[in-house]
file target20.txt (compact mmCIF, C-alpha atoms and all ligand atoms)
# COMPACT_ATOMS: atom_id res chain seq x y z
CA MET A 898 87.76 100.35 53.28
CA LYS A 899 89.06 103.88 53.14
CA LYS A 900 85.52 105.29 53.38
CA LEU A 901 84.83 103.14 56.40
CA LEU A 902 87.99 104.40 58.03
CA ILE A 903 87.02 108.02 57.41
CA LEU A 904 83.55 107.36 58.77
CA MET A 905 84.99 105.73 61.88
CA MET A 906 87.39 108.60 62.44
CA THR A 907 84.57 111.11 62.05
CA VAL A 908 82.50 109.25 64.64
CA ILE A 909 85.45 109.07 67.04
CA ALA A 910 86.13 112.79 66.61
CA ALA A 911 82.46 113.61 67.21
CA VAL A 912 82.36 111.48 70.35
CA ALA A 913 85.59 113.05 71.60
CA MET A 914 84.19 116.54 71.02
CA LEU A 915 81.01 115.64 72.86
CA ALA A 916 83.01 114.16 75.72
CA ALA A 917 85.12 117.29 75.94
CA GLY A 918 81.97 119.34 76.13
CA CYS A 919 82.63 121.33 72.94
CA GLY A 920 79.96 123.87 72.22
CA GLY A 921 78.98 123.85 75.88
CA GLY A 922 80.44 127.27 76.53
CA ASP A 923 83.86 128.16 77.79
CA LYS A 924 83.73 126.28 81.11
CA LYS A 925 87.17 124.86 81.71
CA GLU A 926 87.66 121.09 81.92
CA SER A 927 89.20 121.50 85.36
CA ALA A 928 86.05 123.22 86.61
CA LYS A 929 84.01 120.07 86.09
CA VAL A 930 86.30 117.75 88.01
CA PHE A 931 86.25 117.96 91.79
CA ARG A 932 89.53 116.67 93.16
CA VAL A 933 89.36 115.07 96.59
CA GLY A 934 92.46 114.09 98.54
CA THR A 935 92.49 111.13 100.90
CA GLU A 936 94.69 108.53 102.60
CA PRO A 937 92.95 105.19 102.02
CA THR A 938 94.01 102.96 104.93
CA PHE A 939 91.17 104.16 107.11
CA ALA A 940 88.28 101.73 106.67
CA PRO A 941 85.33 102.12 106.82
CA PHE A 942 85.87 105.79 105.86
CA GLU A 943 88.31 105.33 102.97
CA PHE A 944 89.92 102.16 101.72
CA GLN A 945 90.59 100.05 98.66
CA GLU A 946 89.02 96.60 98.66
CA GLU A 947 91.57 93.86 98.15
CA GLY A 948 92.49 93.60 94.51
CA SER A 949 90.60 96.79 93.63
CA LYS A 950 91.82 100.27 92.83
CA GLU A 951 88.40 101.77 93.56
CA TYR A 952 88.02 103.93 96.64
CA ALA A 953 85.29 102.76 98.97
CA GLY A 954 83.97 104.01 102.29
CA PHE A 955 81.73 106.54 103.97
CA ASP A 956 83.93 109.56 103.21
CA MET A 957 84.33 108.50 99.59
CA ASP A 958 80.58 108.13 99.06
CA LEU A 959 79.96 111.39 100.89
CA ALA A 960 82.58 113.27 98.85
CA ARG A 961 81.10 111.95 95.60
CA ALA A 962 77.59 112.92 96.71
CA ILE A 963 78.78 116.40 97.69
CA GLY A 964 80.57 116.89 94.37
CA LYS A 965 77.47 115.84 92.48
CA GLN A 966 75.24 118.04 94.65
CA MET A 967 77.49 121.02 93.82
CA GLY A 968 77.13 120.31 90.10
CA TYR A 969 80.52 118.76 89.33
CA GLU A 970 80.53 116.15 86.60
CA LYS A 971 83.24 114.04 88.13
CA VAL A 972 84.82 113.49 91.52
CA GLU A 973 88.41 112.37 91.29
CA ILE A 974 89.94 110.75 94.36
CA VAL A 975 93.63 111.53 94.86
CA ASN A 976 95.60 109.14 97.07
CA MET A 977 98.43 110.47 99.26
CA GLY A 978 100.00 110.25 102.71
CA PHE A 979 97.93 111.70 105.55
CA ASP A 980 100.62 114.27 106.28
CA ALA A 981 100.58 115.38 102.62
CA LEU A 982 96.86 116.24 102.56
CA VAL A 983 96.97 119.76 104.03
CA PRO A 984 99.99 120.81 101.92
CA ALA A 985 98.20 119.44 98.80
CA LEU A 986 95.13 121.53 99.58
CA ASN A 987 97.09 124.68 100.07
CA ALA A 988 99.19 124.06 96.94
CA GLY A 989 95.93 123.76 94.98
CA ASN A 990 96.55 120.14 93.97
CA VAL A 991 93.22 119.02 95.45
CA ASP A 992 89.99 120.97 96.07
CA MET A 993 88.92 119.20 99.23
CA VAL A 994 90.19 116.63 101.71
CA ALA A 995 87.92 113.80 102.89
CA ALA A 996 90.06 111.69 105.19
CA GLY A 997 88.38 111.26 108.55
CA MET A 998 90.22 114.43 109.45
CA SER A 999 89.46 115.66 112.94
CA ILE A 1000 88.70 119.35 113.33
CA THR A 1001 91.45 120.64 115.61
CA GLU A 1002 92.44 124.17 116.59
CA GLU A 1003 95.90 123.56 115.18
CA ARG A 1004 94.58 122.50 111.77
CA GLN A 1005 92.09 125.34 111.70
CA LYS A 1006 95.07 127.67 111.42
CA SER A 1007 95.99 126.16 108.05
CA VAL A 1008 92.73 125.00 106.44
CA ASN A 1009 89.01 125.79 106.26
CA PHE A 1010 86.82 123.04 107.72
CA SER A 1011 83.26 122.23 106.74
CA ASP A 1012 80.60 121.72 109.37
CA PRO A 1013 81.30 118.50 111.29
CA TYR A 1014 79.96 115.36 109.61
CA TYR A 1015 80.92 112.56 112.02
CA THR A 1016 81.71 112.25 115.74
CA SER A 1017 84.71 110.07 116.54
CA GLY A 1018 87.37 109.65 119.23
CA LEU A 1019 90.67 107.88 119.88
CA ILE A 1020 91.10 104.45 121.41
CA ILE A 1021 94.00 102.22 122.45
CA MET A 1022 94.49 98.84 120.78
CA VAL A 1023 96.81 96.18 122.24
CA ASN A 1024 97.50 92.51 121.60
CA LYS A 1025 94.92 90.15 123.02
CA ASP A 1026 97.42 88.54 125.38
CA ASN A 1027 98.38 91.87 126.92
CA ASP A 1028 96.82 92.29 130.35
CA THR A 1029 99.01 95.07 131.71
CA ILE A 1030 97.89 97.99 129.55
CA LYS A 1031 94.44 99.26 130.48
CA SER A 1032 94.70 103.02 130.03
CA LEU A 1033 96.78 105.84 128.57
CA LYS A 1034 98.70 106.05 131.85
CA ASP A 1035 99.78 102.41 131.44
CA LEU A 1036 101.45 103.37 128.15
CA GLU A 1037 104.13 105.40 129.94
CA GLY A 1038 107.54 104.12 128.86
CA LYS A 1039 105.95 101.76 126.34
CA ARG A 1040 106.25 101.48 122.54
CA ILE A 1041 103.32 102.98 120.64
CA ALA A 1042 102.50 103.00 116.91
CA ALA A 1043 100.29 105.54 115.14
CA GLN A 1044 99.79 107.04 111.72
CA ILE A 1045 101.98 110.03 110.94
CA GLY A 1046 100.40 113.45 111.41
CA THR A 1047 97.22 112.17 113.06
CA THR A 1048 95.59 113.05 116.34
CA GLY A 1049 96.46 109.50 117.47
CA ASP A 1050 100.10 110.27 116.76
CA ASN A 1051 99.86 113.48 118.83
CA LYS A 1052 98.19 111.62 121.68
CA ALA A 1053 100.92 108.96 121.64
CA ARG A 1054 103.58 111.67 121.76
CA SER A 1055 101.96 113.18 124.85
CA VAL A 1056 102.62 110.00 126.86
CA ALA A 1057 105.62 110.30 129.18
CA ASN A 1058 108.68 108.31 128.09
CA ALA A 1059 106.80 106.48 125.38
CA VAL A 1060 108.71 105.44 122.26
CA VAL A 1061 106.45 106.40 119.38
CA THR A 1062 106.78 105.07 115.84
CA SER A 1063 104.81 107.00 113.22
CA PHE A 1064 103.83 104.97 110.18
CA ASN A 1065 102.71 106.21 106.78
CA THR A 1066 99.65 103.96 106.85
CA ASN A 1067 97.36 102.53 109.50
CA THR A 1068 97.91 99.11 107.96
CA GLU A 1069 101.60 99.25 108.89
CA ALA A 1070 100.84 100.47 112.42
CA ALA A 1071 98.46 97.54 113.00
CA MET A 1072 100.96 95.10 111.51
CA GLU A 1073 103.67 96.33 113.87
CA LEU A 1074 101.40 95.49 116.79
CA THR A 1075 100.73 91.99 115.44
CA ASN A 1076 104.49 91.53 115.05
CA LYS A 1077 104.95 92.75 118.63
CA GLY A 1078 107.22 95.56 117.49
CA VAL A 1079 105.07 97.88 119.62
CA ASP A 1080 102.89 97.45 122.70
CA ALA A 1081 99.95 99.50 121.50
CA VAL A 1082 98.39 101.43 118.64
CA ILE A 1083 96.43 104.65 119.06
CA ASN A 1084 93.89 105.26 116.32
CA ASP A 1085 90.31 106.40 115.79
CA SER A 1086 87.76 104.18 117.53
CA PRO A 1087 85.46 103.43 114.55
CA VAL A 1088 88.47 102.41 112.46
CA VAL A 1089 89.86 100.16 115.18
CA GLY A 1090 86.37 98.69 115.65
CA TYR A 1091 86.13 97.92 111.95
CA TYR A 1092 89.62 96.38 111.89
CA LEU A 1093 88.79 94.10 114.83
CA ALA A 1094 85.46 93.08 113.30
CA GLN A 1095 87.21 92.22 110.02
CA GLY A 1096 89.40 89.62 111.75
CA GLY A 1097 91.85 91.75 113.73
CA ASN A 1098 90.16 90.45 116.87
CA LYS A 1099 92.01 87.17 116.43
CA THR A 1100 95.10 88.87 117.82
CA ALA A 1101 94.09 92.31 119.09
CA LYS A 1102 91.58 94.09 121.35
CA THR A 1103 90.80 97.60 122.60
CA VAL A 1104 91.34 98.75 126.16
CA GLY A 1105 89.86 101.66 128.08
CA ASP A 1106 87.22 104.09 126.90
CA VAL A 1107 87.09 106.20 123.78
CA MET A 1108 89.13 109.28 124.55
CA GLU A 1109 87.49 112.69 124.20
CA ALA A 1110 85.23 113.23 121.19
CA GLU A 1111 86.71 114.44 117.93
CA LYS A 1112 84.61 115.67 115.05
CA TYR A 1113 85.51 115.00 111.44
CA GLY A 1114 85.34 117.83 108.93
CA LEU A 1115 85.95 118.08 105.20
CA ALA A 1116 88.89 120.40 104.62
CA MET A 1117 89.31 123.12 102.03
CA LYS A 1118 92.13 125.51 101.26
CA LYS A 1119 92.52 128.21 103.89
CA GLY A 1120 90.47 131.23 102.86
CA ASN A 1121 88.43 129.39 100.23
CA ASP A 1122 85.22 130.54 101.89
CA GLN A 1123 83.08 130.20 98.76
CA LEU A 1124 83.85 126.49 98.37
CA THR A 1125 83.44 125.97 102.11
CA ALA A 1126 79.98 127.55 101.99
CA ASP A 1127 79.07 125.45 98.93
CA VAL A 1128 80.24 122.24 100.62
CA ASN A 1129 78.28 123.10 103.78
CA LYS A 1130 75.20 123.79 101.69
CA ALA A 1131 75.57 120.47 99.85
CA LEU A 1132 76.13 118.63 103.15
CA ALA A 1133 73.00 120.20 104.64
CA GLU A 1134 70.99 119.26 101.56
CA LEU A 1135 72.21 115.65 101.74
CA LYS A 1136 71.24 115.53 105.41
CA LYS A 1137 67.83 116.91 104.59
CA ASN A 1138 67.05 114.67 101.63
CA GLY A 1139 68.02 111.47 103.45
CA GLU A 1140 71.12 110.71 101.36
CA TYR A 1141 73.49 111.26 104.31
CA ASP A 1142 71.46 108.89 106.51
CA LYS A 1143 71.46 106.31 103.74
CA LEU A 1144 75.26 106.42 103.55
CA TYR A 1145 75.56 106.34 107.33
CA GLN A 1146 73.32 103.29 107.45
CA LYS A 1147 75.31 101.65 104.64
CA TRP A 1148 78.66 102.00 106.40
CA PHE A 1149 77.81 102.00 110.10
CA GLY A 1150 74.53 100.14 110.15
CA GLU A 1151 72.83 102.62 112.41
CA VAL A 1152 70.99 105.90 112.10
CA SER A 1153 73.19 108.98 112.39
CA LYS A 1154 73.08 111.03 115.55
N1 LIG B 1201 90.98 111.51 112.81
C1 LIG B 1201 92.39 111.38 112.87
C2 LIG B 1201 93.05 112.68 112.53
O1 LIG B 1201 92.44 113.57 112.07
C3 LIG B 1201 92.94 110.26 111.98
C4 LIG B 1201 92.66 110.44 110.53
C5 LIG B 1201 93.27 109.39 109.64
O2 LIG B 1201 94.13 108.61 110.00
N2 LIG B 1201 92.85 109.34 108.41
O3 LIG B 1201 94.21 112.85 112.72

call {"tool": "encode", "arguments": {"input": "target20.txt", "output": "structure tokens"}}
result
Amino acid sequence: MKKLLILMMTVIAAVAMLAAGCGGGDKKESAKVFRVGTEPTFAPFEFQEEGSKEYAGFDMDLARAIGKQMGYEKVEIVNMGFDALVPALNAGNVDMVAAGMSITEERQKSVNFSDPYYTSGLIIMVNKDNDTIKSLKDLEGKRIAAQIGTTGDNKARSVANAVVTSFNTNTEAAMELTNKGVDAVINDSPVVGYYLAQGGNKTAKTVGDVMEAEKYGLAMKKGNDQLTADVNKALAELKKNGEYDKLYQKWFGEVSK
């Protein structure tokens, strides 16, 4: 019995040493894990399937593929509020942000962006029975919901006399519309489209056109030019070897532009 115990402990210790990469040089554990920050109420880019803690979506698959392409052993997804992502990057708590984050001049002052990887734009969502709101102009003096710190939030705040409520998650913003606590939601068009297709269209609809194009970029700490170059290289490789198109097809069902 005692011998068996010793044998078992030896095996466990050996496995643990292997797992820790002992004998594999002095590469630090942290160097092998690529930490990616996101806010997962943004399907089909990042979300958690009901009852699952796994992170699914285009950005999540892309971030994992990029990490692998750069030689990391593991990509760890870190969940936080959208407005916490840039501070987390600059505090060094995450290495990259993959969160459907639009490349804006304002954000470029505080982070490095990768090359654009997706073209998006904002759209207005209202309740199905609303036939008075047809454009941004019609939102003047109305109640609008958006996610805190997003371009949709900024757009809502640019509307004259609008009362804007900024929610931590997109889920809450959409719920507020269903509950008629607001007259409209402003969010990214592909995310609204996905929400409607998943059953949101029972109560909601979009109005007007997609507002001016926004491009999503992966974000890195300001001044981390080496990582930015590595991410761009990995992204280009994934575009070249067909992996990017495969992911695009998987999540959007069409070939990338
Ligand atoms: N693309 C929008 C932005 O950058 C929204 C992103 C999001 O809600 N995850 O602000």

call {"tool": "residues_around", "arguments": {"input": "target20.txt", "residues": "stretch 937-941 of chain A", "least_positions_apart": "5", "cutoff": "7 Å", "atoms": "all atoms listed in the file", "output": "PDB file with C-alpha atoms, in the frame of the given file"}}
result
ATOM      1  CA  GLY A 954      83.970 104.010 102.290  1.00  0.00           C
ATOM      2  CA  PHE A 955      81.730 106.540 103.970  1.00  0.00           C
ATOM      3  CA  ASN A 976      95.600 109.140  97.070  1.00  0.00           C
ATOM      4  CA  THR A1066      99.650 103.960 106.850  1.00  0.00           C
ATOM      5  CA  ASN A1067      97.360 102.530 109.500  1.00  0.00           C
ATOM      6  CA  THR A1068      97.910  99.110 107.960  1.00  0.00           C
ATOM      7  CA  VAL A1088      88.470 102.410 112.460  1.00  0.00           C
ATOM      8  CA  TYR A1091      86.130  97.920 111.950  1.00  0.00           C
ATOM      9  CA  TRP A1148      78.660 102.000 106.400  1.00  0.00           C
TER      10      TRP A1148
END

call {"tool": "residues_around", "arguments": {"input": "target20.txt", "residues": "A:Met957", "least_positions_apart": "4", "cutoff": "9 Å", "atoms": "only C-alpha atoms", "output": "list in words"}}
result
Val933, Thr935, Phe942, Glu943, Phe944, Tyr952, Ala953, Arg961, Ala962, Ile974, Ala995 and Ala996 of chain A

call {"tool": "residues_near_ligand", "arguments": {"input": "target20.txt", "ligand": "ligand LIG 1201 (chain B)", "cutoff": "10 Å", "atoms": "only C-alpha atoms and all ligand atoms", "output": "NGL selection string"}}
result
:A and (935-940 or 942-943 or 978-980 or 982 or 995-1001 or 1004 or 1016-1019 or 1043-1052 or 1065-1067 or 1083-1088 or 1111-1114)

call {"tool": "atom_distance", "arguments": {"input": "target20.txt", "atom1": "atom CA of A:Ala1110", "atom2": "atom CA of A:Tyr1014"}}
result
12.9 Å

call {"tool": "residues_around", "arguments": {"input": "target20.txt", "residues": "A:Asp1035", "least_positions_apart": "3", "cutoff": "12 Å", "atoms": "only C-alpha atoms", "output": "compact mmCIF listing (two decimals) with C-alpha atoms, in the frame of the given file"}}
result
# COMPACT_ATOMS: atom_id res chain seq x y z
CA ILE A 1021 94.00 102.22 122.45
CA VAL A 1023 96.81 96.18 122.24
CA ASN A 1027 98.38 91.87 126.92
CA ASP A 1028 96.82 92.29 130.35
CA THR A 1029 99.01 95.07 131.71
CA ILE A 1030 97.89 97.99 129.55
CA LYS A 1031 94.44 99.26 130.48
CA SER A 1032 94.70 103.02 130.03
CA GLY A 1038 107.54 104.12 128.86
CA LYS A 1039 105.95 101.76 126.34
CA ARG A 1040 106.25 101.48 122.54
CA ILE A 1041 103.32 102.98 120.64
CA ALA A 1053 100.92 108.96 121.64
CA VAL A 1056 102.62 110.00 126.86
CA ALA A 1057 105.62 110.30 129.18
CA ASN A 1058 108.68 108.31 128.09
CA ALA A 1059 106.80 106.48 125.38
CA ASP A 1080 102.89 97.45 122.70
CA ALA A 1081 99.95 99.50 121.50
CA VAL A 1104 91.34 98.75 126.16
CA GLY A 1105 89.86 101.66 128.08

call {"tool": "closest_residue", "arguments": {"input": "target20.txt", "among": "A:Ser1055, A:Gln1123, A:Thr1100, A:Ser1007", "to": "A:Lys1025", "atoms": "all atoms listed in the file"}}
result
A:Thr1100

call {"tool": "atom_distance", "arguments": {"input": "target20.txt", "atom1": "atom CA of A:Asp992", "atom2": "atom CA of A:Leu1135"}}
result
19.4 Å

call {"tool": "closest_residue", "arguments": {"input": "target20.txt", "among": "A:Gln1146, A:Asn1098, A:Asn987, A:Asn1009", "to": "A:Val1128", "atoms": "all atoms listed in the file"}}
result
A:Asn1009

call {"tool": "atom_distance", "arguments": {"input": "target20.txt", "atom1": "atom CA of A:Lys929", "atom2": "atom CA of A:Val972"}}
result
8.6 Å

call {"tool": "residues_around", "arguments": {"input": "target20.txt", "residues": "A:Gly1120", "least_positions_apart": "4", "cutoff": "12 Å", "atoms": "all atoms listed in the file", "output": "list of chain:residue names"}}
result
A:Leu986, A:Asn987, A:Gln1005, A:Lys1006, A:Ser1007, A:Val1008, A:Asn1009, A:Phe1010, A:Ala1116, A:Leu1124, A:Thr1125, A:Ala1126

call {"tool": "residues_around", "arguments": {"input": "target20.txt", "residues": "A:Glu1151", "least_positions_apart": "5", "cutoff": "12 Å", "atoms": "only C-alpha atoms", "output": "PyMOL selection string"}}
result
chain A and resi 1141-1146

call {"tool": "closest_residue", "arguments": {"input": "target20.txt", "among": "A:Leu1093, A:Val994, A:Glu946, A:Gly989", "to": "A:Met977", "atoms": "all atoms listed in the file"}}
result
A:Val994

call {"tool": "closest_residue", "arguments": {"input": "target20.txt", "among": "A:Asn990, A:Gln966, A:Asn1138, A:Asn1024", "to": "A:Met1072", "atoms": "only C-alpha atoms"}}
result
A:Asn1024

call {"tool": "closest_residue", "arguments": {"input": "target20.txt", "among": "A:Ser1011, A:Glu1003, A:Glu1069, A:Lys971", "to": "A:Asp1122", "atoms": "all atoms listed in the file"}}
result
A:Ser1011

call {"tool": "closest_residue", "arguments": {"input": "target20.txt", "among": "A:Ala1042, A:Ala1131, A:Leu1033, A:Ala1070", "to": "A:Leu1115", "atoms": "all atoms listed in the file"}}
result
A:Ala1131

call {"tool": "decode", "arguments": {"input": "target20.txt", "residues": "stretch 996-1022 of chain A", "atoms": "N, CA and C atoms", "output": "mmCIF file, in the first residue's frame"}}
result
data_model
loop_
_atom_site.group_PDB
_atom_site.id
_atom_site.type_symbol
_atom_site.label_atom_id
_atom_site.label_comp_id
_atom_site.auth_asym_id
_atom_site.auth_seq_id
_atom_site.Cartn_x
_atom_site.Cartn_y
_atom_site.Cartn_z
ATOM 1 N N ALA A 996 -12.647 42.665 -28.553
ATOM 2 C CA ALA A 996 -13.980 42.978 -28.030
ATOM 3 C C ALA A 996 -14.809 43.771 -29.031
ATOM 4 N N GLY A 997 -14.652 43.475 -30.298
ATOM 5 C CA GLY A 997 -15.392 44.246 -31.302
ATOM 6 C C GLY A 997 -15.127 45.726 -31.128
ATOM 7 N N MET A 998 -13.899 46.038 -30.753
ATOM 8 C CA MET A 998 -13.579 47.432 -30.427
ATOM 9 C C MET A 998 -13.272 48.224 -31.696
ATOM 10 N N SER A 999 -14.056 49.276 -31.896
ATOM 11 C CA SER A 999 -13.865 50.102 -33.082
ATOM 12 C C SER A 999 -12.610 50.948 -32.944
ATOM 13 N N ILE A 1000 -11.890 51.051 -34.046
ATOM 14 C CA ILE A 1000 -10.688 51.890 -34.072
ATOM 15 C C ILE A 1000 -11.154 53.340 -34.178
ATOM 16 N N THR A 1001 -10.942 54.102 -33.128
ATOM 17 C CA THR A 1001 -11.325 55.520 -33.162
ATOM 18 C C THR A 1001 -10.090 56.367 -32.856
ATOM 19 N N GLU A 1002 -10.137 57.621 -33.298
ATOM 20 C CA GLU A 1002 -9.005 58.526 -33.039
ATOM 21 C C GLU A 1002 -8.780 58.686 -31.552
ATOM 22 N N GLU A 1003 -9.886 58.788 -30.819
ATOM 23 C CA GLU A 1003 -9.814 58.975 -29.376
ATOM 24 C C GLU A 1003 -9.084 57.796 -28.717
ATOM 25 N N ARG A 1004 -9.475 56.592 -29.076
ATOM 26 C CA ARG A 1004 -8.859 55.401 -28.480
ATOM 27 C C ARG A 1004 -7.411 55.235 -28.917
ATOM 28 N N GLN A 1005 -7.111 55.684 -30.129
ATOM 29 C CA GLN A 1005 -5.731 55.565 -30.608
ATOM 30 C C GLN A 1005 -4.755 56.351 -29.747
ATOM 31 N N LYS A 1006 -5.280 57.308 -28.999
ATOM 32 C CA LYS A 1006 -4.412 58.069 -28.084
ATOM 33 C C LYS A 1006 -3.983 57.214 -26.902
ATOM 34 N N SER A 1007 -4.795 56.191 -26.555
ATOM 35 C CA SER A 1007 -4.447 55.423 -25.353
ATOM 36 C C SER A 1007 -4.097 53.958 -25.576
ATOM 37 N N VAL A 1008 -4.275 53.450 -26.799
ATOM 38 C CA VAL A 1008 -3.862 52.063 -27.077
ATOM 39 C C VAL A 1008 -3.233 51.952 -28.464
ATOM 40 N N ASN A 1009 -2.554 50.842 -28.711
ATOM 41 C CA ASN A 1009 -2.117 50.474 -30.069
ATOM 42 C C ASN A 1009 -3.204 49.594 -30.665
ATOM 43 N N PHE A 1010 -3.590 49.854 -31.906
ATOM 44 C CA PHE A 1010 -4.536 48.966 -32.586
ATOM 45 C C PHE A 1010 -3.808 48.129 -33.635
ATOM 46 N N SER A 1011 -4.331 46.918 -33.825
ATOM 47 C CA SER A 1011 -3.846 46.078 -34.920
ATOM 48 C C SER A 1011 -4.424 46.624 -36.221
ATOM 49 N N ASP A 1012 -4.075 46.000 -37.328
ATOM 50 C CA ASP A 1012 -4.744 46.297 -38.588
ATOM 51 C C ASP A 1012 -6.213 45.946 -38.406
ATOM 52 N N PRO A 1013 -7.122 46.626 -39.117
ATOM 53 C CA PRO A 1013 -8.542 46.319 -38.970
ATOM 54 C C PRO A 1013 -8.843 44.867 -39.360
ATOM 55 N N TYR A 1014 -9.796 44.253 -38.658
ATOM 56 C CA TYR A 1014 -10.123 42.861 -38.990
ATOM 57 C C TYR A 1014 -11.603 42.655 -39.305
ATOM 58 N N TYR A 1015 -12.411 43.721 -39.168
ATOM 59 C CA TYR A 1015 -13.843 43.565 -39.462
ATOM 60 C C TYR A 1015 -14.440 44.958 -39.677
ATOM 61 N N THR A 1016 -15.319 45.089 -40.663
ATOM 62 C CA THR A 1016 -15.978 46.379 -40.904
ATOM 63 C C THR A 1016 -17.399 46.331 -40.366
ATOM 64 N N SER A 1017 -17.705 47.291 -39.495
ATOM 65 C CA SER A 1017 -18.991 47.323 -38.813
ATOM 66 C C SER A 1017 -19.615 48.713 -38.946
ATOM 67 N N GLY A 1018 -20.611 48.990 -38.142
ATOM 68 C CA GLY A 1018 -21.252 50.302 -38.134
ATOM 69 C C GLY A 1018 -22.398 50.269 -37.144
ATOM 70 N N LEU A 1019 -22.870 51.436 -36.729
ATOM 71 C CA LEU A 1019 -23.935 51.499 -35.721
ATOM 72 C C LEU A 1019 -25.314 51.490 -36.366
ATOM 73 N N ILE A 1020 -26.281 50.986 -35.616
ATOM 74 C CA ILE A 1020 -27.666 51.009 -36.098
ATOM 75 C C ILE A 1020 -28.615 51.267 -34.920
ATOM 76 N N ILE A 1021 -29.793 51.757 -35.243
ATOM 77 C CA ILE A 1021 -30.800 52.039 -34.207
ATOM 78 C C ILE A 1021 -31.782 50.871 -34.144
ATOM 79 N N MET A 1022 -32.063 50.424 -32.934
ATOM 80 C CA MET A 1022 -33.077 49.380 -32.727
ATOM 81 C C MET A 1022 -34.208 49.975 -31.882
#
